[in-house]
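The block underneath contains the structure these notes are about, expressed in structure tokens.
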Amino acid sequence: MRGRNFNSHHRSTAISSIQLDILFYFASEYRPEHVERVVQSIVPWLAEPKVSAEFEDLPPKDATFARLADITLGSRQPVTIELSNRSFRTSLHSRYLTSIQGTFGETNRRFTIAPFVDPENTTTVELSFALYEEELSLTMKELIDSVLGERPLLQLLDSVDPLWAPIGVEAPLSTQGGIRAGQEHLPGGGYYGSKLVSIIGRDAVAKVLEACQKIEFVHGGGVFFSWSWDSERYDTEARRAFETKLMDLERRFVARMPGGRPSKGENQEADRGMNALHG
């Protein structure tokens with residue numbers, strides 16, 4: 001696999017059940033603007049301007065976990081629409097979006113955009129790319145180069161700037177409520193947004209991530225990182241130390257969440273951070 005031209009037009013058959021995920025997490029209710037930021041960032045890279053989109057007859061303001069649980073999502077007839085057209089924006093701001101499907105880049109790679117509202121009514125917007133058989137053994141660097149390129153990825157993350165974004169093959173969902181309950185964790189690879197970095201502190205984040213093979217702070221203040229960027233790591237001790245540091249970072253974040261218990265010296269910084277989080 002090494003040394004290949006990953007942007008080649010020749011591909012094997014896509015495996016629809018395996019995909020590269022970028023999970024943009026926002027610590028707020030469903031907002032069309034969140035989806036719109038993802039859409040606007042990828043429009044220039046579309047292989048075909050027309051996509052398939054599915055909407056529910058539900059106003060975005062009513063798109064709570066409870067309401068969506070009562071709906072059979074995915075049962076509506078998809079419509080063909082151009083993402084840059086006014087009609088798409090009108091639909092996006094008047095009805096809940098179930099999904100968008102289209103093709104991406106010179107290789108016509110299939111992609112999907114789909115929001116998810118969790119039980120605490122915070123939102124994740126999933127951007128997923130279908131992978132090919134030959135890509136399943138690639139390192140993260142090779143995979144990113146193959147799918148969209150490192151620089152476009154960093155531009156995408158900086159432009160959307162969610163609270164965080166797990167990135168990887170079948171990336172695990174990570175939500176504020178899940179972290180508070182101890183059932184989920186801060187992403188161990190991907191992107192920490194500018195608000196999260198501000199809440200925890202840039203120096204503290206950089207110190208935790210220093211063991212990663214790839215760390216890239218973007219213009220807006222967020223940071224992209226990967227533990228094993230251009231080679232697979234099997235150093236169990238080093239990985240365990242890294243995960244321990246991530247847990248410390250997570251505890252610091254939880255202490256600054258609503259209902260958390262920041263230490264006496266952290267109160268002022270916590271207030272500033274949480275104001276930014278919900279601003």
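Following the order of the structure tokens, first chain is A, next is B, and so on, with residues numbered from 1 inside each chain and ligands from 1 in the order they appear.
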Contacts of Ser226 of chain A at 7 Å (only C-alpha atoms; same-chain gap of 6+ positions) as number ranges by chain:
A: 189-190, 212-215
Extract, using only C-alpha atoms, all DNA, RNA and protein residues at most 8 Å from Glu170 of chain A, discarding same-chain residues fewer than 6 positions from it, and format them as an MDAnalysis selection string.
chainID A and resid 18:21
Using the selection just defined, write its residues with C-alpha atoms as an mmCIF file, in the first residue's frame.
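So selection.cif came out as:
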```
data_model
loop_
_atom_site.group_PDB
_atom_site.id
_atom_site.type_symbol
_atom_site.label_atom_id
_atom_site.label_comp_id
_atom_site.auth_asym_id
_atom_site.auth_seq_id
_atom_site.Cartn_x
_atom_site.Cartn_y
_atom_site.Cartn_z
ATOM 1 C CA ILE A 18 -17.383 0.347 6.455
ATOM 2 C CA GLN A 19 -16.890 4.086 6.466
ATOM 3 C CA LEU A 20 -14.693 6.931 7.645
ATOM 4 C CA ASP A 21 -16.650 9.045 10.123
#
```
Residue neighbourhood Phe116 of chain A, 9 Å, only C-alpha atoms, exclusion window fewer than 6 positions, as a list in words:
Tyr30, Phe65, Thr98, Thr122, Thr123, Thr124, Val125 and Glu126 of chain A
Write down as a compact mmCIF listing (two decimals) with C-alpha atoms, in the first residue's frame the residues belonging to segment 68-256 of chain A that are assigned strand (DSSP E) by DSSP computed on the backbone.
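Below you can see selection.txt, which holds the result:
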```txt
# COMPACT_ATOMS: atom_id res chain seq x y z
CA VAL A 79 -35.74 14.60 -3.09
CA THR A 80 -33.00 15.52 -5.53
CA ILE A 81 -31.69 18.98 -4.76
CA GLU A 82 -28.63 21.19 -5.20
CA TYR A 96 -35.87 18.47 10.14
CA LEU A 97 -33.19 16.97 7.89
CA THR A 98 -32.90 13.19 8.08
CA SER A 99 -29.99 12.73 5.69
CA ILE A 100 -28.09 13.90 2.63
CA GLN A 101 -26.36 11.49 0.26
CA GLY A 102 -24.12 12.36 -2.64
CA THR A 103 -20.74 11.83 -4.25
CA PHE A 104 -17.50 13.52 -3.30
CA ARG A 109 -16.84 8.58 -3.38
CA ARG A 110 -20.21 8.25 -1.67
CA PHE A 111 -20.82 10.41 1.40
CA THR A 112 -23.65 10.86 3.88
CA ILE A 113 -24.55 13.74 6.18
CA ALA A 114 -26.98 12.87 8.96
CA PRO A 115 -27.81 14.56 12.27
CA PHE A 116 -28.47 12.70 15.52
CA VAL A 117 -30.18 14.12 18.61
CA THR A 123 -26.71 17.21 18.50
CA THR A 124 -24.13 15.32 16.46
CA VAL A 125 -23.88 15.87 12.71
CA GLU A 126 -22.28 12.84 11.06
CA LEU A 127 -20.26 13.19 7.87
CA SER A 128 -19.29 9.73 6.64
CA PHE A 129 -17.40 8.53 3.57
CA ALA A 130 -17.69 5.08 2.03
CA LEU A 131 -14.39 3.19 2.01
CA TYR A 132 -12.93 0.75 -0.48
CA TRP A 164 -15.39 18.15 19.35
CA ALA A 165 -15.34 15.63 16.52
CA PRO A 166 -14.26 11.98 16.78
CA ILE A 167 -12.62 10.97 13.49
CA GLY A 168 -11.91 7.43 12.37
CA VAL A 169 -13.19 4.24 10.82
CA GLY A 190 -9.94 13.62 15.98
CA TYR A 191 -10.67 17.26 16.77
CA TYR A 192 -11.17 19.38 19.87
CA LYS A 214 0.07 14.29 14.80
CA ILE A 215 -1.00 17.53 16.51
CA GLU A 216 -2.20 20.51 14.49
CA PHE A 217 -3.72 23.62 16.02
CA VAL A 223 -6.76 21.20 17.47
CA PHE A 224 -6.63 18.08 15.29
CA PHE A 225 -4.71 15.12 16.70
CA SER A 226 -3.97 11.47 15.98
```
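Across A:Val205, A:Val197, A:Leu138, A:Leu148, the tightest approach to Leu46 of chain A is made by A:Leu148 when counting only C-alpha atoms.
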Please provide as a PyMOL selection string all residues within 12 Å of Thr72 of chain A, with the sequence filter that same-chain residues fewer than 4 positions apart are discarded (counting only C-alpha atoms).
chain A and resi 55-57+67-68+76+98
Interatomic distance, atom CA of His219 of chain A to atom CA of Met257 of chain A (Å, one decimal):
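For atom CA of His219 of chain A relative to atom CA of Met257 of chain A, the distance reads 25.2 Å.
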Pick from A:Asp62, A:Glu150, A:Asp203, A:Asp145 nearest to Arg31 of chain A, counting only C-alpha atoms
A:Asp62
Rank nothing, just name the residue among A:Val160, A:Leu143, A:Leu73, A:Leu136 nearest to Arg37 of chain A, using only C-alpha atoms.
A:Val160
Please indicate the distance in Å from atom CA of Val208 of chain A to atom CA of Leu246 of chain A, rounded to one decimal place.
6.6 Å
A:Thr107, A:Ser174, A:Ser75, A:Ser87: which is nearest Ile22 of chain A, counting only C-alpha atoms?
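Checking each of A:Thr107, A:Ser174, A:Ser75, A:Ser87 against Ile22 of chain A, counting only C-alpha atoms, the winner is A:Ser174.
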